[in-house]
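Here is run_34.cif, consisting of mmCIF, C-alpha atoms and all ligand atoms:
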```
data_entry
#
loop_
_atom_site.group_PDB
_atom_site.id
_atom_site.type_symbol
_atom_site.label_atom_id
_atom_site.label_comp_id
_atom_site.auth_asym_id
_atom_site.auth_seq_id
_atom_site.Cartn_x
_atom_site.Cartn_y
_atom_site.Cartn_z
ATOM 1 C CA MET O 1 22.547 -33.193 20.366
ATOM 2 C CA VAL O 2 19.300 -34.966 19.486
ATOM 3 C CA PRO O 3 16.090 -33.555 21.038
ATOM 4 C CA SER O 4 13.913 -35.881 23.122
ATOM 5 C CA PRO O 5 10.960 -37.562 21.344
ATOM 6 C CA LEU O 6 8.472 -35.604 23.514
ATOM 7 C CA TYR O 7 10.121 -32.281 22.627
ATOM 8 C CA LEU O 8 10.130 -33.203 18.938
ATOM 9 C CA LEU O 9 6.447 -34.191 19.002
ATOM 10 C CA LEU O 10 5.396 -30.998 20.808
ATOM 11 C CA ALA O 11 7.581 -28.873 18.515
ATOM 12 C CA LYS O 12 5.968 -30.428 15.416
ATOM 13 C CA ILE O 13 2.468 -29.742 16.786
ATOM 14 C CA ILE O 14 3.071 -26.272 18.259
ATOM 15 C CA ILE O 15 5.204 -24.851 15.436
ATOM 16 C CA GLY O 16 2.981 -26.441 12.758
ATOM 17 C CA THR O 17 -0.185 -25.045 14.370
ATOM 18 C CA THR O 18 1.343 -21.579 14.779
ATOM 19 C CA LEU O 19 2.512 -21.613 11.157
ATOM 20 C CA ALA O 20 -0.936 -22.696 9.933
ATOM 21 C CA CYS O 21 -2.612 -19.911 11.948
ATOM 22 C CA SER O 22 -0.123 -17.303 10.673
ATOM 23 C CA VAL O 23 -0.676 -18.325 7.048
ATOM 24 C CA ALA O 24 -4.458 -18.399 7.589
ATOM 25 C CA TRP O 25 -4.290 -14.875 9.053
ATOM 26 C CA LEU O 26 -2.170 -13.702 6.096
ATOM 27 C CA ILE O 27 -4.727 -15.039 3.614
ATOM 28 C CA ASP O 28 -7.705 -13.705 5.569
ATOM 29 C CA TYR O 29 -6.221 -10.251 6.236
ATOM 30 C CA SER O 30 -4.931 -9.947 2.653
ATOM 31 C CA ARG O 31 -8.503 -10.327 1.398
ATOM 32 C CA THR O 32 -9.401 -7.025 3.134
ATOM 33 C CA GLY O 33 -7.094 -5.126 0.772
ATOM 34 C CA ALA O 34 -4.629 -4.495 3.609
ATOM 35 C CA TRP O 35 -1.686 -4.438 1.129
ATOM 36 C CA ARG O 36 -2.988 -1.057 -0.021
ATOM 37 C CA ASN O 37 -2.800 0.726 3.362
ATOM 38 C CA PRO O 38 0.426 1.602 5.230
ATOM 39 C CA VAL O 39 -0.441 -0.106 8.539
ATOM 40 C CA GLY O 40 -1.636 -3.248 6.756
ATOM 41 C CA GLN O 41 1.579 -3.387 4.734
ATOM 42 C CA THR O 42 3.740 -3.397 7.880
ATOM 43 C CA LEU O 43 1.571 -6.034 9.586
ATOM 44 C CA LEU O 44 1.563 -8.302 6.563
ATOM 45 C CA THR O 45 5.315 -7.940 5.973
ATOM 46 C CA LYS O 46 6.115 -8.803 9.589
ATOM 47 C CA THR O 47 3.813 -11.835 9.473
ATOM 48 C CA VAL O 48 5.402 -13.052 6.213
ATOM 49 C CA ILE O 49 8.842 -12.936 7.889
ATOM 50 C CA ILE O 50 7.593 -14.701 11.026
ATOM 51 C CA SER O 51 5.818 -17.328 8.894
ATOM 52 C CA ALA O 52 9.058 -17.970 6.973
ATOM 53 C CA LEU O 53 10.902 -18.422 10.288
ATOM 54 C CA LEU O 54 8.197 -20.798 11.515
ATOM 55 C CA LEU O 55 8.296 -22.754 8.246
ATOM 56 C CA VAL O 56 12.045 -23.273 8.504
ATOM 57 C CA SER O 57 11.762 -24.289 12.177
ATOM 58 C CA TRP O 58 8.899 -26.659 11.391
ATOM 59 C CA LEU O 59 10.836 -28.297 8.543
ATOM 60 C CA THR O 60 13.732 -28.973 10.919
ATOM 61 C CA THR O 61 11.325 -30.886 13.193
ATOM 62 C CA LEU O 62 10.046 -32.979 10.272
ATOM 63 C CA PHE O 63 13.296 -33.843 8.492
ATOM 64 C CA ARG O 64 16.861 -34.636 9.505
ATOM 65 C CA PHE O 65 19.196 -32.317 7.631
ATOM 66 C CA ASN O 66 22.911 -32.806 7.271
ATOM 67 C CA PHE O 67 25.404 -30.336 8.737
ATOM 68 C CA THR O 68 25.771 -28.292 5.537
ATOM 69 C CA VAL O 69 22.019 -27.826 5.089
ATOM 70 C CA LEU O 70 21.591 -26.978 8.792
ATOM 71 C CA ASN O 71 24.313 -24.352 8.442
ATOM 72 C CA ILE O 72 22.478 -22.789 5.480
ATOM 73 C CA ILE O 73 19.233 -22.874 7.489
ATOM 74 C CA ARG O 74 20.954 -21.116 10.421
ATOM 75 C CA TRP O 75 22.158 -18.315 8.138
ATOM 76 C CA GLY O 76 18.684 -18.028 6.613
ATOM 77 C CA ASP O 77 17.139 -17.842 10.102
ATOM 78 C CA LEU O 78 19.573 -15.124 11.104
ATOM 79 C CA GLY O 79 18.773 -13.156 7.951
ATOM 80 C CA LEU O 80 15.029 -13.407 8.604
ATOM 81 C CA VAL O 81 15.443 -12.354 12.248
ATOM 82 C CA ALA O 82 17.571 -9.411 11.067
ATOM 83 C CA LEU O 83 14.681 -8.308 8.819
ATOM 84 C CA VAL O 84 12.337 -8.006 11.814
ATOM 85 C CA ALA O 85 14.237 -4.992 13.245
ATOM 86 C CA PRO O 86 13.834 -2.671 10.214
ATOM 87 C CA VAL O 87 10.211 -3.776 9.830
ATOM 88 C CA MET O 88 9.523 -2.823 13.469
ATOM 89 C CA VAL O 89 11.159 0.584 12.895
ATOM 90 C CA TRP O 90 9.019 0.953 9.760
ATOM 91 C CA ARG O 91 5.939 0.049 11.857
ATOM 92 C CA MET O 92 6.778 2.759 14.407
ATOM 93 C CA VAL O 93 7.244 5.383 11.681
ATOM 94 C CA VAL O 94 3.933 4.437 10.049
ATOM 95 C CA PHE O 95 2.144 4.341 13.430
ATOM 96 C CA HIS O 96 3.364 7.846 14.316
ATOM 97 C CA ARG O 97 2.442 9.180 10.884
ATOM 98 C CA VAL O 98 -1.054 7.737 11.127
ATOM 99 C CA THR O 99 -1.712 8.864 14.707
ATOM 100 C CA ALA O 100 -0.199 12.325 14.138
ATOM 101 C CA ALA O 101 -2.861 13.068 11.534
ATOM 102 C CA ARG O 102 -5.931 14.696 13.119
ATOM 103 C CA LEU O 103 -9.466 13.941 12.018
ATOM 104 C CA THR O 104 -12.782 15.495 13.020
ATOM 105 C CA CYS O 105 -15.724 13.327 14.078
ATOM 106 C CA SER O 106 -19.259 14.091 12.889
ATOM 107 C CA ASN O 107 -19.830 16.008 16.177
ATOM 108 C CA GLY O 108 -16.786 18.218 15.619
ATOM 109 C CA HIS O 109 -14.313 16.619 18.068
ATOM 110 C CA SER O 110 -10.639 16.462 17.098
ATOM 111 C CA VAL O 111 -9.578 12.780 16.962
ATOM 112 C CA SER O 112 -6.218 11.054 16.421
ATOM 113 C CA GLY O 113 -5.864 9.660 12.875
ATOM 114 C CA GLY O 114 -5.536 6.015 13.945
ATOM 115 C CA ALA O 115 -8.707 5.951 16.087
ATOM 116 C CA ASN O 116 -11.646 3.737 15.131
ATOM 117 C CA PHE O 117 -14.044 5.684 17.368
ATOM 118 C CA CYS O 118 -14.174 9.250 18.696
ATOM 119 C CA PRO O 119 -13.038 9.040 22.359
ATOM 120 C CA MET O 120 -15.309 11.992 23.234
ATOM 121 C CA CYS O 121 -18.642 10.776 21.846
ATOM 122 C CA GLY O 122 -18.051 7.233 20.546
ATOM 123 C CA VAL O 123 -18.978 7.970 16.924
ATOM 124 C CA PRO O 124 -17.218 5.522 14.541
ATOM 125 C CA MET O 125 -14.484 7.207 12.491
ATOM 126 C CA SER O 126 -14.354 6.413 8.806
ATOM 127 C CA SER O 127 -10.847 6.247 7.359
HETATM 128 ZN ZN ZN G 201 -16.866 13.014 18.735
#
```
Could you quickly redo this structure as structure tokens?
Amino acid sequence: MVPSPLYLLLAKIIIGTTLACSVAWLIDYSRTGAWRNPVGQTLLTKTVIISALLLVSWLTTLFRFNFTVLNIIRWGDLGLVALVAPVMVWRMVVFHRVTAARLTCSNGHSVSGGANFCPMCGVPMSS
């Protein structure tokens, strides 16, 4: 089945824009040194997988692939989608590890490890 010209045009624009924004975020966030902290690693990994999925989808809107290539693309898509599940589990484990750690703000309040600010007095928490 061939998609309608309107669908194809919108898909090119929407998927291409989303891909560009994802890659821009990856570059921007990577510059903060996020690959060195556990939460950043999970965020970046998930965005790399999603960007790869978007890239494959975008390429299928730009070019007409034959049946064999489309079949390979489908298997690649399925593999990438399958990677999202373990990354989300990894994210949950990291999130619970980070928030389970207790910190103390400069005014002596006990604060969850993932907090940016003390919820009791609003003092910024340094990590
Ligand atoms: Zn406090």
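Between Leu53 (chain O) and the candidates O:Leu19, O:Pro86, O:Thr68, O:Asn37, the tightest atom-to-atom separation, counting all atoms listed in the file, involves O:Leu19.
Relative to CA of Ala52 (chain O), CA of Gly40 (chain O) is found at 18.2 Å.
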Gap from CA of Arg36 (chain O) to CA of Val89 (chain O) - Å, one decimal
19.2 Å
For this file, the PyMOL selection byres (((chain O and resi 105) around 10) and not hetatm) selects which residues, as an mmCIF file with C-alpha atoms, keeping the file's coordinate frame?
```cif
data_model
loop_
_atom_site.group_PDB
_atom_site.id
_atom_site.type_symbol
_atom_site.label_atom_id
_atom_site.label_comp_id
_atom_site.auth_asym_id
_atom_site.auth_seq_id
_atom_site.Cartn_x
_atom_site.Cartn_y
_atom_site.Cartn_z
ATOM 1 C CA ARG O 102 -5.931 14.696 13.119
ATOM 2 C CA LEU O 103 -9.466 13.941 12.018
ATOM 3 C CA THR O 104 -12.782 15.495 13.020
ATOM 4 C CA SER O 106 -19.259 14.091 12.889
ATOM 5 C CA ASN O 107 -19.830 16.008 16.177
ATOM 6 C CA GLY O 108 -16.786 18.218 15.619
ATOM 7 C CA HIS O 109 -14.313 16.619 18.068
ATOM 8 C CA SER O 110 -10.639 16.462 17.098
ATOM 9 C CA VAL O 111 -9.578 12.780 16.962
ATOM 10 C CA PHE O 117 -14.044 5.684 17.368
ATOM 11 C CA CYS O 118 -14.174 9.250 18.696
ATOM 12 C CA PRO O 119 -13.038 9.040 22.359
ATOM 13 C CA MET O 120 -15.309 11.992 23.234
ATOM 14 C CA CYS O 121 -18.642 10.776 21.846
ATOM 15 C CA GLY O 122 -18.051 7.233 20.546
ATOM 16 C CA VAL O 123 -18.978 7.970 16.924
ATOM 17 C CA PRO O 124 -17.218 5.522 14.541
ATOM 18 C CA MET O 125 -14.484 7.207 12.491
ATOM 19 C CA SER O 126 -14.354 6.413 8.806
#
```
Hey, what comes out of the PyMOL selection byres (((chain O and resi 38) around 10) and not hetatm) on this file? Could you write it as a PyMOL selection string?
chain O and resi 34-37+39-43+90-91+94-95+97-98
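Once the PyMOL selection byres (((chain O and resi 73) around 12) and not hetatm) is applied to this file, the selection holds Ala52, Leu53, Leu54, Leu55, Val56, Ser57, Trp58, Leu59, Thr60, Phe65, Asn66, Phe67, Thr68, Val69, Leu70, Asn71, Ile72, Arg74, Trp75, Gly76, Asp77, Leu78, Gly79 and Leu80 of chain O.
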Find the residues near Ile49 (chain O): any atom within 8 Å, counting all atoms listed in the file, skip ones fewer than 6 places away on the same chain, and give them as a compact mmCIF listing (two decimals) with C-alpha atoms, in the frame of the given file.
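Below you can see out.txt, which holds the result:
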```txt
# COMPACT_ATOMS: atom_id res chain seq x y z
CA LEU O 80 15.03 -13.41 8.60
CA VAL O 81 15.44 -12.35 12.25
CA LEU O 83 14.68 -8.31 8.82
CA VAL O 84 12.34 -8.01 11.81
```
Could you tell me which of O:Ala20, O:Phe63, O:Pro3, O:Asn116 comes closest to ligand ZN 201 (chain G) if we count all atoms listed in the file?
O:Asn116
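The gap separating CA of Thr45 (chain O) from CA of Asp28 (chain O) is 14.2 Å, in Å to one decimal.
Ranking O:Leu6, O:Val48, O:Met1, O:Ala101 by their shortest atom-to-atom distance to Ala24 (chain O), with all atoms listed in the file included, puts O:Val48 first.
Counting all atoms listed in the file, the residue from O:Ala82, O:Val87, O:Ile50, O:Ala100 that sits nearest to Ile15 (chain O) is O:Ile50.
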Once 8 Å is added on each side, what centre and edge lengths in Å to one decimal does the axis-aligned box around all listed atoms of region 110-113 of chain O have, as JSON?
```
{"center_x": -8.3, "center_y": 13.1, "center_z": 15.0, "size_x": 20.8, "size_y": 22.8, "size_z": 20.2}
```
Within 10 Å of Leu8 (chain O), counting all atoms listed in the file, which residues qualify if same-chain residues fewer than 4 places away don't, as a ChimeraX atom specification?
/O:2-4,12-14,60-62
Would you fill the gaps in region 91-111 of chain O so it has N, CA and C atoms, then print it as a PDB file, in the frame of the given file?
```
ATOM      1  N   ARG O  91       7.247   0.036  11.196  1.00  0.00           N
ATOM      2  CA  ARG O  91       5.939   0.049  11.857  1.00  0.00           C
ATOM      3  C   ARG O  91       5.779   1.266  12.764  1.00  0.00           C
ATOM      4  N   MET O  92       6.845   1.591  13.510  1.00  0.00           N
ATOM      5  CA  MET O  92       6.778   2.759  14.407  1.00  0.00           C
ATOM      6  C   MET O  92       6.601   4.044  13.609  1.00  0.00           C
ATOM      7  N   VAL O  93       7.350   4.177  12.516  1.00  0.00           N
ATOM      8  CA  VAL O  93       7.244   5.383  11.681  1.00  0.00           C
ATOM      9  C   VAL O  93       5.818   5.513  11.138  1.00  0.00           C
ATOM     10  N   VAL O  94       5.290   4.415  10.608  1.00  0.00           N
ATOM     11  CA  VAL O  94       3.933   4.437  10.049  1.00  0.00           C
ATOM     12  C   VAL O  94       2.916   4.743  11.144  1.00  0.00           C
ATOM     13  N   PHE O  95       3.071   4.115  12.316  1.00  0.00           N
ATOM     14  CA  PHE O  95       2.144   4.341  13.430  1.00  0.00           C
ATOM     15  C   PHE O  95       2.121   5.821  13.816  1.00  0.00           C
ATOM     16  N   HIS O  96       3.308   6.435  13.922  1.00  0.00           N
ATOM     17  CA  HIS O  96       3.364   7.846  14.316  1.00  0.00           C
ATOM     18  C   HIS O  96       2.801   8.753  13.225  1.00  0.00           C
ATOM     19  N   ARG O  97       3.023   8.388  11.978  1.00  0.00           N
ATOM     20  CA  ARG O  97       2.442   9.180  10.884  1.00  0.00           C
ATOM     21  C   ARG O  97       0.910   9.118  10.924  1.00  0.00           C
ATOM     22  N   VAL O  98       0.401   7.921  11.131  1.00  0.00           N
ATOM     23  CA  VAL O  98      -1.054   7.737  11.127  1.00  0.00           C
ATOM     24  C   VAL O  98      -1.694   8.435  12.322  1.00  0.00           C
ATOM     25  N   THR O  99      -1.088   8.276  13.512  1.00  0.00           N
ATOM     26  CA  THR O  99      -1.712   8.864  14.707  1.00  0.00           C
ATOM     27  C   THR O  99      -1.485  10.366  14.793  1.00  0.00           C
ATOM     28  N   ALA O 100      -0.449  10.877  14.107  1.00  0.00           N
ATOM     29  CA  ALA O 100      -0.199  12.325  14.138  1.00  0.00           C
ATOM     30  C   ALA O 100      -1.259  13.085  13.343  1.00  0.00           C
ATOM     31  N   ALA O 101      -1.824  12.417  12.338  1.00  0.00           N
ATOM     32  CA  ALA O 101      -2.861  13.068  11.534  1.00  0.00           C
ATOM     33  C   ALA O 101      -4.099  13.270  12.409  1.00  0.00           C
ATOM     34  N   ARG O 102      -4.735  14.420  12.323  1.00  0.00           N
ATOM     35  CA  ARG O 102      -5.931  14.696  13.119  1.00  0.00           C
ATOM     36  C   ARG O 102      -7.156  14.637  12.228  1.00  0.00           C
ATOM     37  N   LEU O 103      -8.197  14.018  12.731  1.00  0.00           N
ATOM     38  CA  LEU O 103      -9.466  13.941  12.018  1.00  0.00           C
ATOM     39  C   LEU O 103     -10.523  14.640  12.866  1.00  0.00           C
ATOM     40  N   THR O 104     -11.672  14.891  12.284  1.00  0.00           N
ATOM     41  CA  THR O 104     -12.782  15.495  13.020  1.00  0.00           C
ATOM     42  C   THR O 104     -13.978  14.555  12.928  1.00  0.00           C
ATOM     43  N   CYS O 105     -14.549  14.210  14.088  1.00  0.00           N
ATOM     44  CA  CYS O 105     -15.724  13.327  14.078  1.00  0.00           C
ATOM     45  C   CYS O 105     -16.943  14.129  13.619  1.00  0.00           C
ATOM     46  N   SER O 106     -18.051  13.425  13.399  1.00  0.00           N
ATOM     47  CA  SER O 106     -19.259  14.091  12.889  1.00  0.00           C
ATOM     48  C   SER O 106     -19.825  15.104  13.883  1.00  0.00           C
ATOM     49  N   ASN O 107     -19.376  15.034  15.173  1.00  0.00           N
ATOM     50  CA  ASN O 107     -19.830  16.008  16.177  1.00  0.00           C
ATOM     51  C   ASN O 107     -18.796  17.110  16.402  1.00  0.00           C
ATOM     52  N   GLY O 108     -17.745  17.112  15.565  1.00  0.00           N
ATOM     53  CA  GLY O 108     -16.786  18.218  15.619  1.00  0.00           C
ATOM     54  C   GLY O 108     -15.614  18.035  16.557  1.00  0.00           C
ATOM     55  N   HIS O 109     -15.449  16.851  17.173  1.00  0.00           N
ATOM     56  CA  HIS O 109     -14.313  16.619  18.068  1.00  0.00           C
ATOM     57  C   HIS O 109     -13.057  16.306  17.257  1.00  0.00           C
ATOM     58  N   SER O 110     -11.915  16.774  17.737  1.00  0.00           N
ATOM     59  CA  SER O 110     -10.639  16.462  17.098  1.00  0.00           C
ATOM     60  C   SER O 110     -10.180  15.088  17.586  1.00  0.00           C
ATOM     61  N   VAL O 111      -9.879  14.172  16.640  1.00  0.00           N
ATOM     62  CA  VAL O 111      -9.578  12.780  16.962  1.00  0.00           C
ATOM     63  C   VAL O 111      -8.271  12.374  16.284  1.00  0.00           C
TER      64      VAL O 111
END
```
